[in-house]
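Below is protein09.cif, holding mmCIF, C-alpha atoms.
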data_entry
loop_
_atom_site.label_atom_id
_atom_site.label_comp_id
_atom_site.auth_asym_id
_atom_site.auth_seq_id
_atom_site.Cartn_x
_atom_site.Cartn_y
_atom_site.Cartn_z
CA MET A 1 -85.63 -32.05 137.45
CA ARG A 2 -82.16 -33.56 137.38
CA GLN A 3 -81.16 -31.32 134.45
CA LEU A 4 -82.37 -28.27 136.35
CA VAL A 5 -80.19 -29.15 139.37
CA ILE A 6 -77.12 -29.66 137.15
CA ALA A 7 -77.74 -26.36 135.31
CA ALA A 8 -78.12 -24.50 138.62
CA GLY A 9 -74.86 -26.02 139.90
CA VAL A 10 -72.96 -24.97 136.77
CA ALA A 11 -74.39 -21.42 137.02
CA VAL A 12 -73.26 -21.15 140.67
CA LEU A 13 -69.75 -22.28 139.70
CA PHE A 14 -69.51 -19.64 136.96
CA LEU A 15 -70.78 -16.88 139.22
CA THR A 16 -68.44 -17.72 142.08
CA ALA A 17 -65.48 -18.13 139.74
CA CYS A 18 -65.90 -14.55 138.54
CA ASP A 19 -65.63 -13.18 142.08
CA LYS A 20 -62.34 -14.91 142.90
CA ALA A 21 -58.86 -14.34 141.57
CA PRO A 22 -57.48 -17.28 139.63
CA PRO A 23 -55.50 -19.66 141.82
CA LYS A 24 -51.73 -19.28 141.75
CA PRO A 25 -49.91 -22.13 140.04
CA PRO A 26 -48.07 -24.38 142.44
CA LYS A 27 -44.34 -23.87 142.83
CA PRO A 28 -42.43 -26.15 140.45
CA ILE A 29 -40.79 -29.19 141.94
CA ALA A 30 -37.67 -30.87 140.69
CA VAL A 31 -38.17 -32.76 137.45
CA ILE A 32 -38.08 -36.49 138.11
CA GLU A 33 -36.39 -38.64 135.48
CA GLN A 34 -38.69 -41.34 134.14
CA PRO A 35 -37.60 -44.87 135.08
CA ALA A 36 -35.49 -46.62 132.45
CA ALA A 37 -38.26 -49.19 131.93
CA ASP A 38 -40.51 -46.42 130.56
CA LYS A 39 -37.92 -45.38 127.97
CA PRO A 40 -37.60 -47.27 124.71
CA ALA A 41 -34.60 -49.58 124.85
CA VAL A 42 -31.82 -49.18 122.32
CA SER A 43 -31.44 -52.71 120.96
CA LEU A 44 -28.56 -54.20 119.06
CA SER A 45 -29.56 -55.75 115.75
CA ALA A 46 -27.47 -57.35 113.03
CA SER A 47 -27.63 -54.03 111.15
CA GLY A 48 -26.87 -51.56 113.96
CA ILE A 49 -27.83 -50.06 117.30
CA GLY A 50 -29.49 -46.76 118.14
CA GLY A 51 -28.56 -44.19 115.52
CA VAL A 52 -25.57 -46.24 114.34
CA VAL A 53 -26.06 -48.35 111.22
CA PHE A 54 -23.26 -50.71 110.21
CA GLY A 55 -21.71 -49.42 107.00
CA MET A 56 -22.05 -45.73 107.91
CA GLY A 57 -19.02 -43.52 108.32
CA LEU A 58 -17.75 -42.68 111.80
CA LYS A 59 -18.34 -38.95 111.24
CA GLU A 60 -21.92 -39.69 110.12
CA ALA A 61 -22.48 -41.75 113.29
CA GLU A 62 -21.10 -38.93 115.44
CA ARG A 63 -23.58 -36.54 113.80
CA ALA A 64 -26.46 -39.02 114.23
CA LEU A 65 -25.69 -39.43 117.94
CA ASN A 66 -24.69 -35.79 118.42
CA GLU A 67 -21.48 -36.81 120.21
CA ASN A 68 -17.87 -37.60 119.46
CA ALA A 69 -16.56 -41.14 119.52
CA GLN A 70 -13.99 -42.00 122.20
CA PRO A 71 -11.08 -44.06 120.85
CA LEU A 72 -10.22 -47.21 122.79
CA GLY A 73 -6.52 -47.65 122.27
CA PRO A 74 -4.41 -46.32 119.43
CA VAL A 75 -6.25 -44.81 116.46
CA ASN A 76 -5.36 -46.65 113.27
CA ALA A 77 -6.75 -45.57 109.90
CA GLU A 78 -7.14 -49.22 108.85
CA CYS A 79 -8.95 -50.49 111.96
CA SER A 80 -9.64 -49.11 115.43
CA THR A 81 -12.18 -49.41 118.21
CA VAL A 82 -14.34 -46.61 119.62
CA ARG A 83 -17.09 -46.12 122.16
CA PHE A 84 -19.86 -43.53 122.48
CA ALA A 85 -20.80 -42.13 125.90
CA SER A 86 -24.50 -42.75 125.16
CA MET A 87 -23.78 -46.49 124.74
CA PRO A 88 -21.01 -47.22 127.28
CA ARG A 89 -21.31 -51.02 127.11
CA VAL A 90 -20.86 -51.23 123.32
CA ARG A 91 -17.53 -51.10 121.44
CA PHE A 92 -17.58 -50.27 117.74
CA MET A 93 -15.07 -51.49 115.16
CA VAL A 94 -14.15 -48.80 112.62
CA GLU A 95 -12.41 -49.93 109.42
CA LYS A 96 -11.14 -47.25 107.05
CA GLY A 97 -13.57 -44.77 108.62
CA ILE A 98 -16.62 -47.10 108.37
CA ILE A 99 -18.39 -48.68 111.38
CA THR A 100 -18.56 -52.40 110.62
CA ARG A 101 -19.34 -54.13 113.91
CA ALA A 102 -20.36 -53.72 117.56
CA ASP A 103 -19.24 -55.88 120.48
CA ALA A 104 -21.74 -55.88 123.36
CA GLU A 105 -21.10 -56.33 127.05
CA ARG A 106 -23.47 -58.06 129.46
CA GLY A 107 -26.89 -56.43 129.66
CA VAL A 108 -26.97 -54.72 126.27
CA PRO A 109 -30.48 -55.33 124.86
CA ASN A 110 -30.57 -57.06 121.48
CA ILE A 111 -33.26 -58.29 119.12
CA ILE A 112 -32.31 -61.96 119.51
CA GLY A 113 -32.92 -61.90 123.27
CA VAL A 114 -29.57 -63.48 124.22
CA ASP A 115 -27.12 -62.15 126.79
CA ILE A 116 -23.67 -63.00 128.09
CA ASP A 117 -24.03 -66.10 130.33
CA SER A 118 -27.17 -67.32 128.54
CA PRO A 119 -27.20 -71.13 128.31
CA VAL A 120 -26.00 -72.41 124.93
CA ASP A 121 -28.74 -75.06 124.72
CA GLN A 122 -31.35 -72.30 125.07
CA VAL A 123 -29.77 -70.40 122.14
CA ARG A 124 -29.65 -73.53 119.98
CA ARG A 125 -33.32 -74.31 120.71
CA LYS A 126 -34.33 -70.73 119.92
CA PHE A 127 -32.29 -70.67 116.70
CA PRO A 128 -32.24 -74.22 115.27
CA ASN A 129 -30.54 -73.02 112.05
CA VAL A 130 -27.64 -71.37 113.87
CA GLN A 131 -24.30 -72.05 112.18
CA VAL A 132 -21.92 -73.69 114.67
CA THR A 133 -18.15 -73.75 114.11
CA PRO A 134 -15.29 -74.72 116.44
CA HIS A 135 -13.72 -71.96 118.53
CA LYS A 136 -10.19 -71.00 117.56
CA TYR A 137 -8.88 -70.83 121.15
CA LEU A 138 -11.31 -72.68 123.46
CA HIS A 139 -11.06 -76.48 123.24
CA ASN A 140 -14.81 -77.02 123.88
CA GLY A 141 -15.93 -73.63 122.58
CA HIS A 142 -17.85 -72.62 119.48
CA TYR A 143 -18.83 -69.67 117.36
CA LEU A 144 -22.60 -69.46 116.87
CA THR A 145 -23.54 -67.38 113.82
CA ILE A 146 -27.10 -66.15 113.38
CA ALA A 147 -27.59 -64.62 109.93
CA GLY A 148 -29.14 -61.18 109.62
CA ASP A 149 -30.26 -59.37 106.48
CA GLY A 150 -27.88 -59.37 103.53
CA ASN A 151 -24.30 -59.55 104.74
CA THR A 152 -24.96 -58.96 108.47
CA ALA A 153 -24.98 -61.39 111.37
CA PHE A 154 -24.78 -61.95 115.10
CA VAL A 155 -21.79 -63.96 116.29
CA LEU A 156 -21.79 -65.46 119.76
CA GLU A 157 -18.90 -67.28 121.41
CA ASP A 158 -19.49 -70.09 123.89
CA ASN A 159 -17.60 -72.51 126.10
CA SER A 160 -20.13 -75.29 125.30
CA ARG A 161 -22.23 -74.29 128.34
CA ARG A 162 -22.68 -70.50 128.35
CA ILE A 163 -22.41 -67.53 125.97
CA LEU A 164 -19.13 -65.70 126.60
CA LYS A 165 -19.19 -62.94 123.95
CA LEU A 166 -21.79 -61.36 121.68
CA ARG A 167 -21.29 -59.13 118.65
CA ALA A 168 -23.16 -58.02 115.56
CA GLY A 169 -22.19 -56.42 112.29
CA MET A 170 -21.22 -56.79 108.68
CA GLN A 171 -19.37 -59.78 107.25
CA PRO A 172 -16.48 -60.41 107.30
CA SER A 173 -15.79 -57.98 110.20
CA VAL A 174 -18.27 -59.57 112.60
CA SER A 175 -16.49 -62.92 112.17
CA TYR A 176 -12.98 -61.61 112.94
CA VAL A 177 -11.80 -63.55 115.97
CA GLU A 178 -9.25 -61.06 117.24
CA GLY A 179 -11.11 -57.89 116.28
CA CYS A 180 -8.78 -55.23 114.87
CA LEU A 181 -5.33 -56.64 114.11
#

What is this structure when it is put down as structure tokens?
Amino acid sequence: MRQLVIAAGVAVLFLTACDKAPPKPPKPIAVIEQPAADKPAVSLSASGIGGVVFGMGLKEAERALNENAQPLGPVNAECSTVRFASMPRVRFMVEKGIITRADAERGVPNIIGVDIDSPVDQVRRKFPNVQVTPHKYLHNGHYLTIAGDGNTAFVLEDNSRRILKLRAGMQPSVSYVEGCL
């Protein structure tokens, strides 16, 4: 009996659908951008960020990101610093045309889960094998080096309480204290 009722209902729907014009599609509304939380985060790793891999040429990175690099300061063939509009809080070191390192500002996601102002004791607990060396300029400061794959690493600078700077890249570039000289 139940099957008969369902079959009769389906038949009525088909018959009435044939008599009516198809409904007009609704007018389009403005496209709403998905919240940032729904988009995959571009995370800094010891080997790169987004489409940029440390060791690739600047021109290759520009093609991978489909945008031109913006120089920060004078362009020097030996060493200069650039930024990409798609990653405004990351500065890239370019040595002899090769991207060798990235310096991150506060809030740039990274695979080690550390940010500017993170407590140093939290970093040391999370990475017990971190290499700690004295800071060149801060009396109580340190460089915390977390090894990556091969010749890559994260280098964090602290004031003995909080993380002040965070960068990643290829050795020896990632360990340069002053950046490009």

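Closest approach to Pro119 (chain A) among A:Ala168, A:Ile163, A:Val177, A:Leu58 is made by A:Ile163 (distances from all atoms listed in the file).
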
*asked:* For this structure, which residues satisfy the selection - the PyMOL selection byres ((chain A and resi 83-89) around 8) - when it is evaluated on the file as given? I want them as a PyMOL selection string.
replied: chain A and resi 67-72+81-82+90-92+104-106+108

Residues matched by the PyMOL selection byres ((chain A and resi 131-141) around 8), written as a list of chain:residue names |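 Output from the PyMOL selection byres ((chain A and resi 131-141) around 8), applied to this file: A:Asn129, A:Val130, A:His142, A:Tyr143, A:Leu144, A:Thr145, A:Ile146, A:Glu157, A:Asp158, A:Asn159, A:Ser160, A:Val177.
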
One decimal place gives the CA of Lys96 (chain A)-CA of Glu78 (chain A) separation as 4.8 Å

- Could you please determine the separation between CA of Ala77 (chain A) and CA of Leu164 (chain A) in Å, to one decimal place?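 Separation of CA of Ala77 (chain A) and CA of Leu164 (chain A): 28.9 Å.
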
Self-check item: Residue members of the PyMOL selection byres ((chain A and resi 95) around 9) in the file shown, as JSON, numbers by chain
Solution: {"A": [76, 77, 78, 79, 80, 81, 93, 94, 96, 97, 98, 99, 100, 173, 180]}
